[in-house]
Amino acid sequence: MDEEYDVVVLGTGLKECILSGLLSVDGLKVLHMDRNDYYGGESTSLNLNQLWKRFRGNESPPAHLGSSRDYNVDMIPKFMMANGTLVRVLIHTDVTKYLYFKAVDGSFVYNKGKVHKVPATDMEALKSPLMGIFEKRRARKFFIYVQDYDEKDPKTHEGVDLTRVTTKELIAKYGLDDNTMDFIGHALALHRDDRYLHEPALDTVKRMKLYAESLARFQGGSPYIYPLYGLGELPQAFARLSAVYGGTYMLNKPECKVEFDDEGKVVGVTSEGETAKCKKVVCDPSYLPSKVRKVGRVARAIAIMSHPIPSTNDSHSVQVILPQKQLGRKSDMYLFCCSYSHNVAPKGKFIAFVSTDAETDNPEIELKPGIDLLGPVDEIFFEILDRYEPVNEPSLDNCFISTSYDATTHFETTVIDVLNMYTMITGKVLDLTVDLSAASAAEE
């Protein structure tokens with residue numbers, strides 16, 4: 001290990017693995033270490049015995065739940081938008097050849113106490129029980145405008161400059177009510193709070209287009225895809241990819257102490273008495289606690305069930321978004337469910353997650369609106385996780401620290417952090433013009 005590297009990456013969480021892969025593909029010499037004896041860090045995937053050990057200590061899981069190794073329970077579960085940035089990044093690195101994806105069955109939204117399918121096209125808007133007859137027609141017009149909108153073709157702009165007009169003003173132009181905007185903004189455009197209403201509408205229109213294009217891609221019930229066996233496959237796929245490019249992965253490396261020179265710049269990382277010299281360090285917040293600050297907490301519940309989530313058309317994999325306004329909260333709540341159809345549980349078993357930004361110290365009570373939608377559960381676990389973000393200046397110390405994972409059950413926010421870090425580390429913007437069909441082969 002006493003060698004010199006361009007970059008040492010600490011932690012095998014999703015963000016670190018993606019960056020390690022991108023930097024290796026760029027031709028940099030990368031050493032990737034983790035203090036744990038397993039891949040994934042915070043975003044690891046656990047079998048049933050590991051899940052019990054984490055939440056129930058020395059108890060054993062009950063026999064009726066089936067074999068431990070048939071479970072792959074992701075600790076930070078997130079679906080991928082089929083045409084989204086993460087899929088483009090995966091294709092860019094060619095890591096997709098190690099992964100098999102399957103479409104997610106359903107995308108739903110909570111509105112006035114009920115769960116409804118998210119309407120994503122003009123035709124679906126006409127059928128949706130979320131709106132009355134006149135509102136449906138107005139929504140259909142708005143959906144057609146969004147579908148036809150092309151940033152480069154002024155003829156499609158209908159005289160509106162979306163870089164100047166706010167989302168609220170654009171919505172007013174189409175006469176849509178607050179209720180309609182609530183599900184469009186949160187379940188289609190995937191905004192996490194209502195600030196977007198006062199920001200330029202272009203971002204929301206682009207997000208709606210991404211949703212509709214992703215939905216069309218697999219002709220399924222949702223715009224999302226998910227790897228078979230869960231996200232735990234991703235770090236391992238990146239480890240294989242890194243090896244192809246001459247990168248080195250080392251698990252179970254205790255301590256991993258980052259070393260600095262007199263000016264506070266990184267010079268290497270020491271573990272077990274050996275130092276790997278390097279110019280830059282990439283890591284998750286746990287490796288450099290003095291350079292991060294706590295910015296919030298995520299409350300979540302993990303449930304094992306023997307049935308799909310009610311009112312989701314028996315979907316075996318599904319996301320339900322509960323917009324903040326529907327619950328009288330400051331941020332949205334997310335419901336994620338996956339099952340044996342994605343090989344994350346034994347036949348007949350479903351794994352559901354409920355997550356949100358914690359606003360209290362009591363996750364059981366805070367998550368109740370989401371848990372109430374699950375129906376009977378076999379087992380349920382609760383936890384609150386702290387969220388951190390870096391406060392250092394990477395140009396001064398050459399430390400590039402990722403932000404902790406948020407409460408969302410989709411990848412759109414995670415991958416923005418990765419791309420920003422990539423640009424800070426390399427000084428260039430990642431080219432994401434790729435052939436999207438490279439990730440669709442594994443639908444079946």
# chains A, B, ... in the order shown; residues from 1 in each chain; ligands from 1
call {"tool": "residues_around", "arguments": {"residues": "A:Tyr405", "least_positions_apart": "5", "cutoff": "8 Å", "atoms": "only C-alpha atoms", "output": "number ranges by chain"}}
result
A: 76, 387, 414
call {"tool": "select_by_dssp", "arguments": {"residues": "stretch 23-230 of chain A", "states": "strand (DSSP E)", "output": "VMD selection string"}}
result
chain A and resid 30 to 33 45 to 46 73 to 74 80 to 81 101 to 103 106 to 111 114 to 117 224 to 227
call {"tool": "closest_residue", "arguments": {"among": "A:Ala120, A:Cys283, A:Val8, A:Met333", "to": "A:Arg207", "atoms": "only C-alpha atoms"}}
result
A:Ala120
call {"tool": "residues_around", "arguments": {"residues": "A:Leu188", "least_positions_apart": "3", "cutoff": "10 Å", "atoms": "only C-alpha atoms", "output": "list in words"}}
result
Ser107, Phe108, Val109, Val118, Pro119, Ala120, Met181, Asp182, Phe183, Ile184, Gly185, His191, Thr204, Val205, Arg207, Met208, Lys209, Leu210, Tyr211, Ala212, Pro223 and Ile321 of chain A
call {"tool": "residues_around", "arguments": {"residues": "A:Phe143", "least_positions_apart": "5", "cutoff": "9 Å", "atoms": "only C-alpha atoms", "output": "VMD selection string"}}
result
chain A and resid 120 to 122 125 138 148 208
call {"tool": "atom_distance", "arguments": {"atom1": "atom CA of A:Thr96", "atom2": "atom CA of A:Ser214"}}
result
17.2 Å
call {"tool": "residues_around", "arguments": {"residues": "A:Ser286", "least_positions_apart": "4", "cutoff": "9 Å", "atoms": "only C-alpha atoms", "output": "list in words"}}
result
Gly11, Val292 and Tyr388 of chain A
call {"tool": "closest_residue", "arguments": {"among": "A:Thr85, A:Ser24, A:Asn362, A:Ser45", "to": "A:Phe411", "atoms": "only C-alpha atoms"}}
result
A:Thr85
